[in-house]
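Trainee: Please see the structure below; I have some questions.
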Amino acid sequence: MDFQVSIVGGGVAGALLALSLGKSGISTCLIDRGKPSVKLTKPLVGRTTSLNLFSIETLKEAGIWEDIYPQARVFDEIFVWDAEGSSSVQFNAFEIEKKELGVIVHNNIILQAIFNSLQNLPEVTLMEEESLAKIFEDQNTIDLTTESGKRISSEILIGADGSLSRVRDLSKIPIRKWSYDQLAIVSSVKTTKPIGSTAFQIFTDTGPIAFLPLVEGTNYASLIWSTDKYYGEKLLKLDKEALSKELRLKTEERFGEIDFCEDINSFPLHQLHAKKFYKQRTILVGDSAHTIHPLAGQGLNLGIADVRELSHLLASLNRYGKSMFDKEVIQTYSKKREPESYKMIALMEAFKRGFGSESLLIRFGRNFAFDFANRATPIKRRLIKEAAGII
């Protein structure tokens with residue numbers, strides 16, 4: 001089977017890229033080892049993401065935002081405080097003349113909207129329950145063989161298959177990776193005190209805790225609790241009542257009683273980035289190229305920005321009838337996206353080290369930084385724009 005582009009990985013980044021390329025008239029094969037197109041009876045469960053304004057514009061451009069927005073929760077303020085210090089900082093949308101800073105939405109809702117659109121797009125062929133086995137590259141194409149023996153030929157291959165990317169491994173693209181020695185505990189909760197339209201970030205002595213508003217007019221929130229590994233393993237042994245009590249203490253009772261509304265899940269935290277986002281006819285997007293700490297909720301936003309940049313470049317080639325394999329265009333993608341990835345990785349590392357330190361001097365510095373950020377209007381506006389994805 002011959003295509004212009006093959007994509008391995010049917011998560012948000014890979015599926016969104018397939019949709020964008022298909023709408024540009026580019027014949028695309030989307031391969032996934034699962035069945036991401038299956039409609040879930042309960043899509044409002046599982047992992048959530050914080051979409052910034054840039055990502056929202058990308059989803060509008062793809063024509064699926066109207067399907068996502070009714071089930072998304074707008075936030076117009078970010079409130080950050082240091083439980084080990086005495087300072088806090090607030091970022092408000094009105095400070096950059098916007099009505100909102102972003103939305104919180106379940107990943108399943110985004111995927112459902114994408115695959116609903118893909119069903120009506122003949123340019124995209126979906127291959128589900130197929131795993132990548134081999135890659136062979138010749139002068140004109142890159143050929144894939146699946147575990148079941150299917151063969152797909154295309155001009156370029158895009159790896160969107162996550163941090164354990166098979167595409168990246170088979171293409172021998174080197175990576176840098178290190179562990180944070182932390183766990184992320186995720187679930188949804190209901191509080192007795194109002195969450196409103198504020199996204200909360202609390203820095204504690206064992207790691208940061210995020211409370212993100214979920215459902216309009218309710219006190220439901222998405223919880224992302226990043227903890228030191230030893231402490232996190234102890235937490236996971238607690239029942240929901242004991243875990244709720246510990247969470248109330250860590251958040252200084254700011255949210256009142258806290259009840260867990262769904263299963264509690266966890267995963268180890270690590271940092272990973274590919275040393276190059278391409279090699280020959282292979283290109284990486286999303287978590288295949290970079291995996292970062294969930295601290296600022298920017299992981300998927302980085303992946304969506306990858307998708308937008310690459311889809312625009314490939315659409316331009318297609319308009320002029322050119323091959324998708326254009327070294328100059330691929331290098332342009334890499335030069336634009338790699339620095340953004342490195343910048344976010346450096347920022348997350350600085351946060352991790354700064355707020356993970358018990359040094360009194362560093363704690364004093366944190367308090368000073370919070371106070372300075374609150375008072376220095378130009379710097380604060382720049383920080384808010386960065387968080388909202390406004391370049």
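In the structure tokens, the first chain shown is A, the next is B, and so on; residue numbers restart at 1 for each chain, and ligands run from 1 in the order shown.
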Leaving out Gly63 of chain A and any residue of its chain fewer than 3 positions from it, which residues lie within 10 Å of it when counting only C-alpha atoms, given as an mmCIF file with C-alpha atoms, in the first residue's frame?
Mentor:
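Below you can see result09.cif, which holds the result:
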data_model
loop_
_atom_site.group_PDB
_atom_site.id
_atom_site.type_symbol
_atom_site.label_atom_id
_atom_site.label_comp_id
_atom_site.auth_asym_id
_atom_site.auth_seq_id
_atom_site.Cartn_x
_atom_site.Cartn_y
_atom_site.Cartn_z
ATOM 1 C CA LEU A 19 -6.493 14.812 10.265
ATOM 2 C CA SER A 20 -4.586 17.975 9.322
ATOM 3 C CA LYS A 23 -7.643 17.866 5.035
ATOM 4 C CA GLU A 57 -6.466 27.777 17.753
ATOM 5 C CA THR A 58 -4.893 24.643 16.242
ATOM 6 C CA LEU A 59 -7.989 22.576 17.055
ATOM 7 C CA LYS A 60 -10.179 25.300 15.551
ATOM 8 C CA GLU A 66 -16.932 22.929 18.310
ATOM 9 C CA ASP A 67 -17.111 19.237 19.235
ATOM 10 C CA ALA A 113 -13.628 14.542 18.072
ATOM 11 C CA ILE A 114 -10.593 13.758 15.897
ATOM 12 C CA SER A 117 -13.766 13.711 11.600
#
Trainee: Looking only at the backbone, which of the residues in segment 57-259 of chain A does DSSP tag as strand (DSSP E or B), as a ChimeraX atom specification?
Mentor: /A:73-75,77-82,88-92,102-106,124-128,132-137,142-146,151-159,175-191,198-204,207-213,220-228,258-259
Trainee: Can you list every residue of segment 29-81 of chain A that has an atom at most 12 Å from segment 272-295 of chain A, with its nearest atom pair and the distance in Å to one decimal, using only C-alpha atoms, ordered by chain then number, as JSON lines?
Mentor:
{"residue": "A:Arg47", "atom": "CA", "partner": "A:Pro294", "partner_atom": "CA", "distance": 11.6}
{"residue": "A:Thr48", "atom": "CA", "partner": "A:Pro294", "partner_atom": "CA", "distance": 11.1}
{"residue": "A:Thr49", "atom": "CA", "partner": "A:Pro294", "partner_atom": "CA", "distance": 9.6}
{"residue": "A:Ser50", "atom": "CA", "partner": "A:Pro294", "partner_atom": "CA", "distance": 10.2}
{"residue": "A:Val80", "atom": "CA", "partner": "A:Leu295", "partner_atom": "CA", "distance": 11.6}
Trainee: Could you work out how far atom CA of Ser179 of chain A lies from atom CA of Leu247 of chain A, giving the answer in Å with one decimal?
Mentor: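 Distance reported for this atom pair: 24.2 Å.
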Trainee: Please compute the atom CA of Ser226 of chain A-atom CA of Arg337 of chain A distance, one decimal, in Å.
Mentor: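 So the answer is 26.7 Å.
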Trainee: Just list as an NGL selection string whatever in segment 124-317 of chain A DSSP marks as alpha helix (DSSP H).
Mentor: :A and (166-170 or 229-235 or 240-250 or 299-317)
Trainee: Export, as a short mmCIF file (atom, residue, chain, number, x, y, z; two decimals), in the first residue's frame, the selected residues with N, CA and C atoms.
Mentor:
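What follows is the written file out-v8.cif:
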data_model
loop_
_atom_site.label_atom_id
_atom_site.label_comp_id
_atom_site.auth_asym_id
_atom_site.auth_seq_id
_atom_site.Cartn_x
_atom_site.Cartn_y
_atom_site.Cartn_z
N ARG A 166 8.64 3.08 19.19
CA ARG A 166 9.22 2.02 18.36
C ARG A 166 9.83 2.63 17.10
N VAL A 167 9.18 3.64 16.55
CA VAL A 167 9.71 4.32 15.36
C VAL A 167 11.08 4.91 15.66
N ARG A 168 11.19 5.59 16.80
CA ARG A 168 12.46 6.22 17.17
C ARG A 168 13.56 5.17 17.36
N ASP A 169 13.21 4.06 17.98
CA ASP A 169 14.20 3.01 18.21
C ASP A 169 14.67 2.38 16.90
N LEU A 170 13.71 2.03 16.03
CA LEU A 170 14.08 1.38 14.76
C LEU A 170 14.87 2.32 13.85
N LYS A 229 9.30 9.50 44.97
CA LYS A 229 8.94 8.10 44.74
C LYS A 229 8.59 7.35 46.04
N TYR A 230 9.42 7.49 47.06
CA TYR A 230 9.21 6.76 48.31
C TYR A 230 7.88 7.17 48.95
N TYR A 231 7.66 8.48 49.03
CA TYR A 231 6.41 8.99 49.60
C TYR A 231 5.21 8.59 48.74
N GLY A 232 5.36 8.66 47.43
CA GLY A 232 4.27 8.29 46.52
C GLY A 232 3.86 6.84 46.67
N GLU A 233 4.84 5.95 46.84
CA GLU A 233 4.52 4.53 47.02
C GLU A 233 3.77 4.30 48.31
N LYS A 234 4.08 5.07 49.35
CA LYS A 234 3.34 4.97 50.61
C LYS A 234 1.90 5.47 50.43
N LEU A 235 1.75 6.55 49.66
CA LEU A 235 0.40 7.08 49.42
C LEU A 235 -0.49 6.08 48.70
N LYS A 240 -8.88 5.38 50.06
CA LYS A 240 -9.25 6.71 49.57
C LYS A 240 -9.48 7.71 50.70
N GLU A 241 -10.02 7.25 51.81
CA GLU A 241 -10.26 8.16 52.93
C GLU A 241 -8.96 8.69 53.53
N ALA A 242 -7.99 7.79 53.73
CA ALA A 242 -6.70 8.21 54.28
C ALA A 242 -5.93 9.08 53.28
N LEU A 243 -6.03 8.74 52.01
CA LEU A 243 -5.35 9.52 50.98
C LEU A 243 -5.95 10.92 50.90
N SER A 244 -7.26 11.00 51.03
CA SER A 244 -7.94 12.30 51.01
C SER A 244 -7.49 13.16 52.19
N LYS A 245 -7.33 12.55 53.34
CA LYS A 245 -6.89 13.29 54.53
C LYS A 245 -5.48 13.85 54.32
N GLU A 246 -4.59 13.03 53.76
CA GLU A 246 -3.23 13.48 53.49
C GLU A 246 -3.22 14.61 52.46
N LEU A 247 -4.08 14.51 51.46
CA LEU A 247 -4.16 15.55 50.43
C LEU A 247 -4.67 16.86 51.01
N ARG A 248 -5.64 16.78 51.93
CA ARG A 248 -6.14 18.00 52.58
C ARG A 248 -5.04 18.69 53.37
N LEU A 249 -4.22 17.90 54.06
CA LEU A 249 -3.12 18.48 54.83
C LEU A 249 -2.10 19.15 53.92
N LYS A 250 -1.77 18.48 52.79
CA LYS A 250 -0.77 19.02 51.88
C LYS A 250 -1.26 20.31 51.21
N GLY A 299 2.99 19.35 28.23
CA GLY A 299 3.43 18.26 27.37
C GLY A 299 2.64 18.13 26.08
N LEU A 300 1.31 18.05 26.20
CA LEU A 300 0.49 17.90 25.00
C LEU A 300 0.49 19.19 24.17
N ASN A 301 0.58 20.34 24.83
CA ASN A 301 0.65 21.59 24.08
C ASN A 301 1.90 21.64 23.18
N LEU A 302 3.01 21.12 23.70
CA LEU A 302 4.22 21.04 22.88
C LEU A 302 3.99 20.14 21.67
N GLY A 303 3.32 18.99 21.90
CA GLY A 303 3.05 18.07 20.81
C GLY A 303 2.12 18.66 19.76
N ILE A 304 1.10 19.40 20.20
CA ILE A 304 0.17 20.03 19.26
C ILE A 304 0.89 21.10 18.45
N ALA A 305 1.83 21.81 19.09
CA ALA A 305 2.62 22.81 18.36
C ALA A 305 3.51 22.12 17.31
N ASP A 306 4.06 20.95 17.64
CA ASP A 306 4.82 20.16 16.65
C ASP A 306 3.93 19.86 15.44
N VAL A 307 2.72 19.38 15.73
CA VAL A 307 1.78 18.99 14.68
C VAL A 307 1.45 20.16 13.77
N ARG A 308 1.18 21.30 14.37
CA ARG A 308 0.80 22.47 13.57
C ARG A 308 1.94 22.90 12.65
N GLU A 309 3.16 22.95 13.19
CA GLU A 309 4.31 23.36 12.39
C GLU A 309 4.55 22.38 11.24
N LEU A 310 4.56 21.09 11.55
CA LEU A 310 4.86 20.10 10.52
C LEU A 310 3.75 20.01 9.48
N SER A 311 2.51 20.06 9.90
CA SER A 311 1.40 19.95 8.94
C SER A 311 1.39 21.13 7.97
N HIS A 312 1.71 22.33 8.47
CA HIS A 312 1.78 23.50 7.58
C HIS A 312 2.90 23.35 6.54
N LEU A 313 4.05 22.85 6.99
CA LEU A 313 5.17 22.69 6.07
C LEU A 313 4.87 21.63 5.00
N LEU A 314 4.28 20.52 5.41
CA LEU A 314 3.97 19.45 4.45
C LEU A 314 2.85 19.86 3.51
N ALA A 315 1.87 20.61 4.02
CA ALA A 315 0.78 21.09 3.16
C ALA A 315 1.32 22.02 2.08
N SER A 316 2.32 22.82 2.44
CA SER A 316 2.92 23.72 1.46
C SER A 316 3.61 22.92 0.35
N LEU A 317 4.32 21.86 0.72
CA LEU A 317 4.95 20.99 -0.30
C LEU A 317 3.90 20.39 -1.22
#
Trainee: Report as CSV: every residue of segment 23-133 of chain A with an atom at most 8 Å from segment 206-213 of chain A, its closest pair of atoms, and their distance in Å to one decimal, counting only C-alpha atoms, with rows sorted by chain and ascending residue number.
Mentor:
residue,atom,partner,partner_atom,distance
A:Arg73,CA,A:Pro213,CA,6.5
A:Val74,CA,A:Pro213,CA,7.9
A:Phe75,CA,A:Pro213,CA,7.2
A:Ile104,CA,A:Pro213,CA,6.8
Trainee: Tell me, as a list in words, which residues lie within 7 Å of Ile185 of chain A, counting only C-alpha atoms; anything in the same chain fewer than 6 positions away does not count.
Mentor: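 Counting only the stated atoms, we get Ile224, Trp225, Ser226, Ile264, Asn265, Ser266 and Phe267 of chain A.
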Trainee: Need to verify the contact set: Val215 of chain A, 9 Å, only C-alpha atoms, exclusion of same-chain residues closer than 4 positions in sequence. Can you return it as a PDB file with C-alpha atoms, in the first residue's frame?
Mentor:
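This is the output file out.pdb:
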ATOM      1  CA  GLN A  71     -17.180  19.382  27.355  1.00  0.00           C
ATOM      2  CA  ALA A  72     -14.166  21.530  28.240  1.00  0.00           C
ATOM      3  CA  ARG A  73     -13.757  23.727  31.315  1.00  0.00           C
ATOM      4  CA  ILE A 104      -9.133  21.681  30.897  1.00  0.00           C
ATOM      5  CA  ASN A 219     -16.421  21.663  42.374  1.00  0.00           C
ATOM      6  CA  TYR A 220     -14.994  18.802  40.326  1.00  0.00           C
ATOM      7  CA  ALA A 221     -11.280  19.017  39.614  1.00  0.00           C
TER       8      ALA A 221
END
Trainee: For Met127 of chain A, which of A:Val103, A:Arg254, A:Arg319, A:Lys150 is the closest residue, counting only C-alpha atoms?
Mentor: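 Ranking A:Val103, A:Arg254, A:Arg319, A:Lys150 by distance to Met127 of chain A, first place goes to A:Lys150.
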Trainee: Per residue of segment 112-213 of chain A within 12 Å of segment 24-29 of chain A, record the nearest atom pair and its distance in Å to one decimal, counting only C-alpha atoms, with rows in chain order and ascending residue number, as JSON lines.
Mentor:
{"residue": "A:Leu118", "atom": "CA", "partner": "A:Thr28", "partner_atom": "CA", "distance": 11.0}
{"residue": "A:Leu121", "atom": "CA", "partner": "A:Gly25", "partner_atom": "CA", "distance": 9.4}
{"residue": "A:Pro122", "atom": "CA", "partner": "A:Ser27", "partner_atom": "CA", "distance": 8.4}
{"residue": "A:Glu123", "atom": "CA", "partner": "A:Ser27", "partner_atom": "CA", "distance": 4.8}
{"residue": "A:Val124", "atom": "CA", "partner": "A:Thr28", "partner_atom": "CA", "distance": 4.8}
{"residue": "A:Thr125", "atom": "CA", "partner": "A:Cys29", "partner_atom": "CA", "distance": 4.8}
{"residue": "A:Leu126", "atom": "CA", "partner": "A:Cys29", "partner_atom": "CA", "distance": 6.0}
{"residue": "A:Met127", "atom": "CA", "partner": "A:Cys29", "partner_atom": "CA", "distance": 7.3}
{"residue": "A:Glu128", "atom": "CA", "partner": "A:Cys29", "partner_atom": "CA", "distance": 10.5}
{"residue": "A:Glu130", "atom": "CA", "partner": "A:Cys29", "partner_atom": "CA", "distance": 11.8}
{"residue": "A:Leu144", "atom": "CA", "partner": "A:Cys29", "partner_atom": "CA", "distance": 11.0}
{"residue": "A:Arg151", "atom": "CA", "partner": "A:Cys29", "partner_atom": "CA", "distance": 11.4}
{"residue": "A:Ile152", "atom": "CA", "partner": "A:Cys29", "partner_atom": "CA", "distance": 8.3}
{"residue": "A:Ser153", "atom": "CA", "partner": "A:Cys29", "partner_atom": "CA", "distance": 9.5}
{"residue": "A:Ser154", "atom": "CA", "partner": "A:Thr28", "partner_atom": "CA", "distance": 8.6}
{"residue": "A:Glu155", "atom": "CA", "partner": "A:Thr28", "partner_atom": "CA", "distance": 10.2}
{"residue": "A:Ile156", "atom": "CA", "partner": "A:Thr28", "partner_atom": "CA", "distance": 10.1}
{"residue": "A:Leu157", "atom": "CA", "partner": "A:Cys29", "partner_atom": "CA", "distance": 9.6}
{"residue": "A:Ile158", "atom": "CA", "partner": "A:Cys29", "partner_atom": "CA", "distance": 10.2}
Trainee: Convert the current residue selection to file output with C-alpha atoms, as a PDB file, in the first residue's frame.
Mentor:
ATOM      1  CA  LEU A 118     -11.335  11.092  10.299  1.00  0.00           C
ATOM      2  CA  LEU A 121     -11.839  11.763   5.293  1.00  0.00           C
ATOM      3  CA  PRO A 122     -10.978   9.401   2.406  1.00  0.00           C
ATOM      4  CA  GLU A 123      -7.382  10.660   2.258  1.00  0.00           C
ATOM      5  CA  VAL A 124      -6.642   8.957   5.602  1.00  0.00           C
ATOM      6  CA  THR A 125      -6.453   5.167   5.973  1.00  0.00           C
ATOM      7  CA  LEU A 126      -6.652   3.887   9.545  1.00  0.00           C
ATOM      8  CA  MET A 127      -4.892   0.631  10.468  1.00  0.00           C
ATOM      9  CA  GLU A 128      -5.781  -0.431  13.997  1.00  0.00           C
ATOM     10  CA  GLU A 130      -1.204  -3.235  14.079  1.00  0.00           C
ATOM     11  CA  LEU A 144       7.106  -0.457   7.011  1.00  0.00           C
ATOM     12  CA  ARG A 151       3.550  -3.698   4.206  1.00  0.00           C
ATOM     13  CA  ILE A 152       3.153   0.044   3.835  1.00  0.00           C
ATOM     14  CA  SER A 153       5.269   2.277   1.633  1.00  0.00           C
ATOM     15  CA  SER A 154       5.429   6.063   1.943  1.00  0.00           C
ATOM     16  CA  GLU A 155       7.622   9.059   1.243  1.00  0.00           C
ATOM     17  CA  ILE A 156       8.153   9.863   4.931  1.00  0.00           C
ATOM     18  CA  LEU A 157       7.441   8.201   8.274  1.00  0.00           C
ATOM     19  CA  ILE A 158       6.273  10.112  11.353  1.00  0.00           C
TER      20      ILE A 158
END
